[in-house]
Structures are given as structure tokens and as C-alpha cells.
Amino acid sequence: MIEEKFALGNSVFHKADPVVKLVGAACLLPFVAVNDDLKVILMGLFFGIFFVLLASLELRHVLKHLVVVNIFMFFLWIVLPFSGSGEVLYYFGPLAVYKKGVELPLLITLKANGVSLLIISLLSTSSVQRLGNGLRQLGVSVQFTILLLTTFRYLGVIMQEYGRLRRAAKLRRFKPGLSLHTYRTYAYLIAMTFVRSYEQGNRVNNAMIMRGFSGTFPIMDLPSKNSDYKVGTLLALSFTILIAVSII
Amino acid sequence: MHITEGVASLPVLIGGGFISATGVAIGLSRLTQKKIIATALLASSFFVTSLIHVPVAPAVSLHLLLNGLVGIILGWAAFPAIVVALLLSALVMQHGGITVLGVNGVVMGLPAVTVYLLFGNWLKIPGRKRKVASFAAGSVAVLLTAILLVLAMVLSDRTFLSMAPVILLFHLPNMIIEGVVTMYVVGFMEKVQPELLEQSV
């Protein structure tokens with residue numbers, strides 16, 4: 001089972017209807033992601049941090065997730081500052097550090113972290129099942145949603161399956177190296193995972209049909225609660241502030 | 001390979017979103033109700049197996065893309081399967097991103113469908129043609145992915161042009177290995193579950 005660490009909690013974000021959070025995310029995330037205005041990006045980062053704190057999420061897990069995002073940033077930082085043309089900020093030995101080569105990774109780093117924090121606080125605070133239901137309420141196709149929910153549901157199962165195969169290979173002294181044997185073994189592990197998941201897929205489909213699955217599932221319409229209004233107001237306010245900051 | 005949040009400019013985001021939405025719509029329209037659950041399980045497999053690290057040099061390993069393999073197995077349905085896997089990847093593991101889902105969908109999904117269209121016919125012929133087609137599908141998918149990745153970055157900001165050679169070079173060993181791996185995977189499926197090679201829509 002995939003652990004949805006951030007989905008467990010009692011904060012106002014956890015209790016709010018996913019539809020409110022999805023609409024809020026749909027406004028906030030792209031606005032911050034495509035903006036080149038440093039003020040807006042910093043404000044977006046601030047909101048990300050603020051929402052994560054408000055959602056009382058465990059900071060070490062949040063930081064672990066941010067590490068993943070920042071690994072890619074690291075690659076940008078080692079190449080971009082030394083490339084390009086235009087104004088030079090300073091010289092690092094024989095290499096020139098260009099202004100444009102520093103601005104770009106800086107903006108992207110701030111944006112990526114801000115947007116990731118917003119995603120964690122807004123989207124990860126609901127389970128994928130609830131998010132799927134929310135997507136249905138917003139009009140996303142039932143086929144896509146079933147694909148999404150079923151894929152997620154079986155991630156843990158397929159991971160365990162692959163784990164079993166990998167352990168079996170290890171028990172037979174398989175040690176990865178630079179050889180055709182290694183690539184062939186990995187290929188067979190991958191192939192077996194696909195074969196087993198395909199067979200399981202057919203079994204699951206038959207089981208669902210026998211329980212009345214007709215290609216759709218009912219939309220769960222949750223009654224409105226206080227947390228919906230609170231989060232809705234907070235997100236609307238945040239979006240307004242971002243727009244205001246971008247105009248100033 | 002995919003880009004993270006904040007890398008793509010607005011036009012690239014919108015263009016990517018539009019192309020991905022079209023690809024997903026075509027894929028879903030060709031998926032019958034009978035096949036959708038099995039497709040989801042295969043998408044799950046794609047997610048899990050794309051986390052596998054394979055050694056390419058002493059102390060260096062990289063993870064396989066496997067979009068070529070998914071393309072030849074699922075056909076057009078590979079597009080929605082890959083987009084779903086990317087969405088879950090962003091939500092669960094922070095790999096890639098949500099705002100750039102459309103762009104990443106194009107970068108990973110378009111090569112998958114392209115290799116299916118290019119090599120799908122030869123894959124149906126057992127023997128050497130199937131071997132060649134599966135190798136080609138695996139390696140060409142990685143090449144197209146690298147090209148689209150660089151395109152997405154460079155169209156967003158010209159400064160990324162300096163990273164283009166690094167990214168393309170980095171994908172070269174990946175191309176060969178994925179070609180070989182895809183060839184062996186198809187060979188295995190041919191013997192164990194040949195029905196799986198006839199699932200493409």
C-alpha cells in the first residue's frame with residue numbers, strides 16, 4: 001500500500017472538500033509557476049510555507065519531498081550560471097558567471113519549491129480516492145478517473161510483486177553489473193511484472209463485473225462544512241493577493 | 001525524463017496541455033470498458049518498473065524510461081496511462097510536476113505512441129522483425145523523449161540551450177540499454193503471454 005503520509009490529519013485543509021482545494025490549486029499553481037515576477041514567486045513560496053504550517057504537516061516528511069525537487073535544481077545550478085551570454089556578474093577562476101545564468105535557476109528554484117509546497121498542502125492533504133471523486137465532480141471524464149484511481153490502488157500491490165521477483169533473483173545470487181546478463185535479467189523481471197499485472201488486471205475486471213461494475217461509479221457529493229468556507233476564503237484571498245502583487 | 005514545476009513558460013505549458021489532452025482523449029476513446037482495468041494495472045506496472053535503476057557505468061546507474069515498451073503494448077492507450085502515471089508520480093513522489101503535467105505528458109507520451117505507429121506492424125511478425133522492431137521502439141522512444149525534453153526547455157527559455165548537449169548525451173547510453181531491454185521484454189512476453197502483445201489500441 002502506498003502510504004499517503006500527508007493525507008492523515010485534522011487540520012482545516014484535511015477536512016475541506018477536495019473540490020475547493022482543486023479549484024484553488026488550479027488558480028494558484030499555474031499563476032506562480034509561469035510568473036517571472038520575483039515578488040509573486042516569493043509570495044507564492046510564502047503561501048506554500050504558510051499552508052504547510054497551517055495543515056500541521058510533519059516537516060521532516062515535507063523536507064524529504066523537497067529534497068527530490070531540489071536534486072533537479074542542483075543540475076540547473078551547475079550548468080546554467082556558466083553558460084550563455086550577456087552581462088557577467090563575476091569571474092569564478094577562468095569561468096564567467098552570467099547574470100541571466102543565475103536569474104533563471106534562482107527563479108525556477110523558488111517557483112519549484114513554492115509550487116511543491118502548495119501541492120503538498122492543498123492536494124496531498126486529501127487521499128487520491130477523494131481527489132478522484134473531486135475531479136469527477138469538476139467534470140473530468142469517468143474513464144480517466146477510473147484509470148487514475150485503479151492505477152493508484154494497485155501501485156502498492158505491483159510494487160510488492162516486483163519486490164518478490166527481485167528478492168527471488170537476489171536469492172539466486174543475481175548481482176547487477178555491466179553485462180548483458182544483467183540487462184536481460186532486469187528485462188525478464190520487468191516483463192514478468194507486466195505479465196502478472198496484466199493477468200491480475202483481467203481478474204480484477206472480472207471480479208468487478210460480477211459485482212455490477214458498468215464502467216462508471218457514483219459521485220459522492222459531500223455536504224458543505226465550515227472548513228470548506230474557511231479554506232475557500234483563504235485560497236480566494238491568497239489568489240487576490242498574488243494578482244495584486246503582480247500588478248504593483 | 002521530465003521537467004519540474006517552474007521550468008516551462010506559459011505558451012509551452014498551454015501547448016503541452018493541449019497536445020496531451022488530445023492524446024489522452026484519443027487514447028481513452030479507443031479503450032473499451034473491457035480493457036480499462038487491465039490498462040490501469042499495466043500503468044501501475046509502468047510506474048513501478050520505471051523506478052528500477054540499471055547500471056550503465058561503474059558506480060553510475062540510471063532509471064529506465066520504458067515509455068517505448070508501454071507504447072508498443074498499449075498503443076494509443078499509452079498516452080492516458082503515461083499521463084496518469086506522471087500525475088501520480090508528481091503527487092506521491094514529487095517527481096515531475098502538476099502544472100507541467102501536459103508538457104511531461106507530451107515528452108513521455110508522444111514518443112510512446114509514435115514508436116507504436118512506426119514499429120507496430122513489424123512487431124506483429126514473429127522472429128527477427130519483432131526483435132528489430134522492439135529494439136527500435138525502445139531506443140527511438142528514448143531519443144524522441146530527449147529531443148522533446150530539450151525542445152520544451154529551450155522554447156521556454158533560450159538560456160537552456162547550453163544544457164541541450166548534456167541532456168542529449170546523457171540519454172545516449174539510455175537509448176542502447178532501453179533498446180536491448182525492450183527487445184528482451186518482448187521476447188519474454190512472446191513466450192509467456194503472447195496475448196499481451198495484442199492489446200494495443
# chains A, B, ... in the order shown; residues from 1 in each chain; ligands from 1
>>> select_by_dssp(residues="range 20-136 of chain B", states="strand (DSSP E)", output="list in words")
His53, Val54, Pro55, Val56, Ala57, Val60, Ser61, Leu62 and His63 of chain B
>>> residues_around(residues="Leu28 in chain B", least_positions_apart="3", cutoff="8 Å", atoms="only C-alpha atoms", output="PyMOL selection string")
(chain A and resi 143-144) or (chain B and resi 24-25+31+77+80)
>>> interface_residues(of="chain A", to="chain B", cutoff="7 Å", atoms="only C-alpha atoms", output="PyMOL selection string")
chain A and resi 29-30+33-34+65+68-69+79+83-84+108+111-112+115+124+143+147-148+150-151+154-155+158-159+176-178+183-184+187-188+190-191+193-195+197-198+201-202+205+215
>>> residues_around(residues="Ala112 in chain B", least_positions_apart="5", cutoff="7 Å", atoms="only C-alpha atoms", output="PDB file with C-alpha atoms, in the first residue's frame")
ATOM      1  CA  ASN B  67       7.760   4.575 -22.478  1.00  0.00           C
ATOM      2  CA  GLY B  68       8.689   2.753 -25.689  1.00  0.00           C
ATOM      3  CA  VAL B  70       4.392   0.864 -22.856  1.00  0.00           C
ATOM      4  CA  GLY B  71       3.754   2.393 -26.268  1.00  0.00           C
ATOM      5  CA  ALA B  78      -0.264   4.524 -23.609  1.00  0.00           C
ATOM      6  CA  ALA B 141      11.332   6.375 -27.808  1.00  0.00           C
TER       7      ALA B 141
END
>>> residues_around(residues="range 19-23 of chain A", least_positions_apart="4", cutoff="9 Å", atoms="only C-alpha atoms", output="list of chain:residue names")
A:Phe13, A:Cys27, A:Leu28, A:Leu122, A:Leu123, A:Leu131, A:Asn133, A:Gly134, A:Leu135, A:Gln137, A:Leu138, A:Asp228, A:Tyr229, A:Val231, A:Gly232, A:Leu235
>>> write_last_selection(atoms="N, CA and C atoms", output="PDB file, in the first residue's frame")
ATOM      1  N   PHE A  13      -7.316  22.041   6.260  1.00  0.00           N
ATOM      2  CA  PHE A  13      -7.054  21.579   4.897  1.00  0.00           C
ATOM      3  C   PHE A  13      -7.458  20.127   4.717  1.00  0.00           C
ATOM      4  N   CYS A  27      -5.997  27.581  -9.690  1.00  0.00           N
ATOM      5  CA  CYS A  27      -5.748  29.023  -9.870  1.00  0.00           C
ATOM      6  C   CYS A  27      -4.336  29.386  -9.417  1.00  0.00           C
ATOM      7  N   LEU A  28      -3.974  28.939  -8.217  1.00  0.00           N
ATOM      8  CA  LEU A  28      -2.704  29.357  -7.625  1.00  0.00           C
ATOM      9  C   LEU A  28      -1.486  28.757  -8.315  1.00  0.00           C
ATOM     10  N   LEU A 122      -2.230  21.518  -0.438  1.00  0.00           N
ATOM     11  CA  LEU A 122      -3.581  21.524  -0.984  1.00  0.00           C
ATOM     12  C   LEU A 122      -4.017  20.155  -1.499  1.00  0.00           C
ATOM     13  N   LEU A 123      -3.147  19.497  -2.268  1.00  0.00           N
ATOM     14  CA  LEU A 123      -3.574  18.254  -2.906  1.00  0.00           C
ATOM     15  C   LEU A 123      -3.229  17.008  -2.100  1.00  0.00           C
ATOM     16  N   LEU A 131      -9.592  12.817  -4.072  1.00  0.00           N
ATOM     17  CA  LEU A 131      -9.240  13.717  -5.171  1.00  0.00           C
ATOM     18  C   LEU A 131      -9.914  13.249  -6.459  1.00  0.00           C
ATOM     19  N   ASN A 133     -12.690  11.614  -6.713  1.00  0.00           N
ATOM     20  CA  ASN A 133     -14.101  11.973  -6.613  1.00  0.00           C
ATOM     21  C   ASN A 133     -14.300  13.455  -6.897  1.00  0.00           C
ATOM     22  N   GLY A 134     -13.368  14.259  -6.375  1.00  0.00           N
ATOM     23  CA  GLY A 134     -13.422  15.693  -6.629  1.00  0.00           C
ATOM     24  C   GLY A 134     -13.271  16.021  -8.103  1.00  0.00           C
ATOM     25  N   LEU A 135     -12.363  15.304  -8.765  1.00  0.00           N
ATOM     26  CA  LEU A 135     -12.158  15.519 -10.202  1.00  0.00           C
ATOM     27  C   LEU A 135     -13.441  15.191 -10.969  1.00  0.00           C
ATOM     28  N   GLN A 137     -16.459  15.420  -9.834  1.00  0.00           N
ATOM     29  CA  GLN A 137     -17.413  16.497  -9.583  1.00  0.00           C
ATOM     30  C   GLN A 137     -17.118  17.710 -10.458  1.00  0.00           C
ATOM     31  N   LEU A 138     -15.847  17.885 -10.812  1.00  0.00           N
ATOM     32  CA  LEU A 138     -15.471  19.019 -11.648  1.00  0.00           C
ATOM     33  C   LEU A 138     -15.592  18.701 -13.134  1.00  0.00           C
ATOM     34  N   ASP A 228     -14.800  24.011   4.508  1.00  0.00           N
ATOM     35  CA  ASP A 228     -14.867  24.334   3.076  1.00  0.00           C
ATOM     36  C   ASP A 228     -14.851  25.840   2.879  1.00  0.00           C
ATOM     37  N   TYR A 229     -15.681  26.560   3.683  1.00  0.00           N
ATOM     38  CA  TYR A 229     -15.753  28.018   3.552  1.00  0.00           C
ATOM     39  C   TYR A 229     -14.448  28.663   3.971  1.00  0.00           C
ATOM     40  N   VAL A 231     -11.336  27.372   4.009  1.00  0.00           N
ATOM     41  CA  VAL A 231     -10.269  27.145   3.019  1.00  0.00           C
ATOM     42  C   VAL A 231     -10.570  27.900   1.730  1.00  0.00           C
ATOM     43  N   GLY A 232     -11.842  27.896   1.323  1.00  0.00           N
ATOM     44  CA  GLY A 232     -12.231  28.615   0.114  1.00  0.00           C
ATOM     45  C   GLY A 232     -11.891  30.084   0.210  1.00  0.00           C
ATOM     46  N   LEU A 235      -8.066  30.596   0.145  1.00  0.00           N
ATOM     47  CA  LEU A 235      -7.483  30.445  -1.195  1.00  0.00           C
ATOM     48  C   LEU A 235      -7.854  31.621  -2.093  1.00  0.00           C
TER      49      LEU A 235
END
>>> residues_around(residues="range 36-51 of chain A", least_positions_apart="4", cutoff="9 Å", atoms="only C-alpha atoms", output="PyMOL selection string")
chain A and resi 13+28-29+31-32+55-56+107+110-122+238+241-243+245-246
>>> residues_around(residues="Leu169 in chain B", least_positions_apart="2", cutoff="12 Å", atoms="only C-alpha atoms", output="short mmCIF file (atom, residue, chain, number, x, y, z; two decimals) with C-alpha atoms, in the first residue's frame")
data_model
loop_
_atom_site.label_atom_id
_atom_site.label_comp_id
_atom_site.auth_asym_id
_atom_site.auth_seq_id
_atom_site.Cartn_x
_atom_site.Cartn_y
_atom_site.Cartn_z
CA VAL B 142 14.23 7.48 -25.59
CA LEU B 143 15.71 9.58 -28.42
CA ALA B 146 15.28 13.54 -25.06
CA ILE B 147 14.58 15.74 -28.09
CA VAL B 150 15.21 19.77 -24.79
CA MET B 163 22.09 22.26 -21.31
CA ALA B 164 20.91 20.66 -24.56
CA PRO B 165 24.15 18.80 -25.43
CA VAL B 166 24.46 17.49 -21.86
CA ILE B 167 20.89 16.20 -21.83
CA HIS B 171 20.36 9.88 -22.99
CA LEU B 172 22.65 8.12 -25.45
CA PRO B 173 23.58 5.12 -23.26
CA ASN B 174 19.96 5.04 -22.13
CA MET B 175 18.89 4.56 -25.77
#
>>> atom_distance(atom1="CA of Phe152 in chain A", atom2="CA of Arg130 in chain A")
12.1 Å
>>> closest_residue(among="A:Phe82, A:Tyr186, A:Gln160, A:Pro223", to="Glu103 in chain A", atoms="only C-alpha atoms")
A:Phe82
>>> atom_distance(atom1="CA of Arg196 in chain A", atom2="CA of Val142 in chain A")
25.7 Å
>>> atom_distance(atom1="CA of Glu199 in chain A", atom2="CA of Arg164 in chain A")
16.6 Å
>>> select_by_dssp(residues="range 1-245 of chain A", states="helix (DSSP H, G or I)", output="number ranges by chain")
A: 5-7, 12-15, 18-33, 38-54, 59-82, 99-122, 128-137, 142-171, 180-210, 226-245
>>> closest_residue(among="A:Ser85, A:Asn35, A:Thr185, A:Thr109", to="Ala169 in chain A", atoms="only C-alpha atoms")
A:Thr185
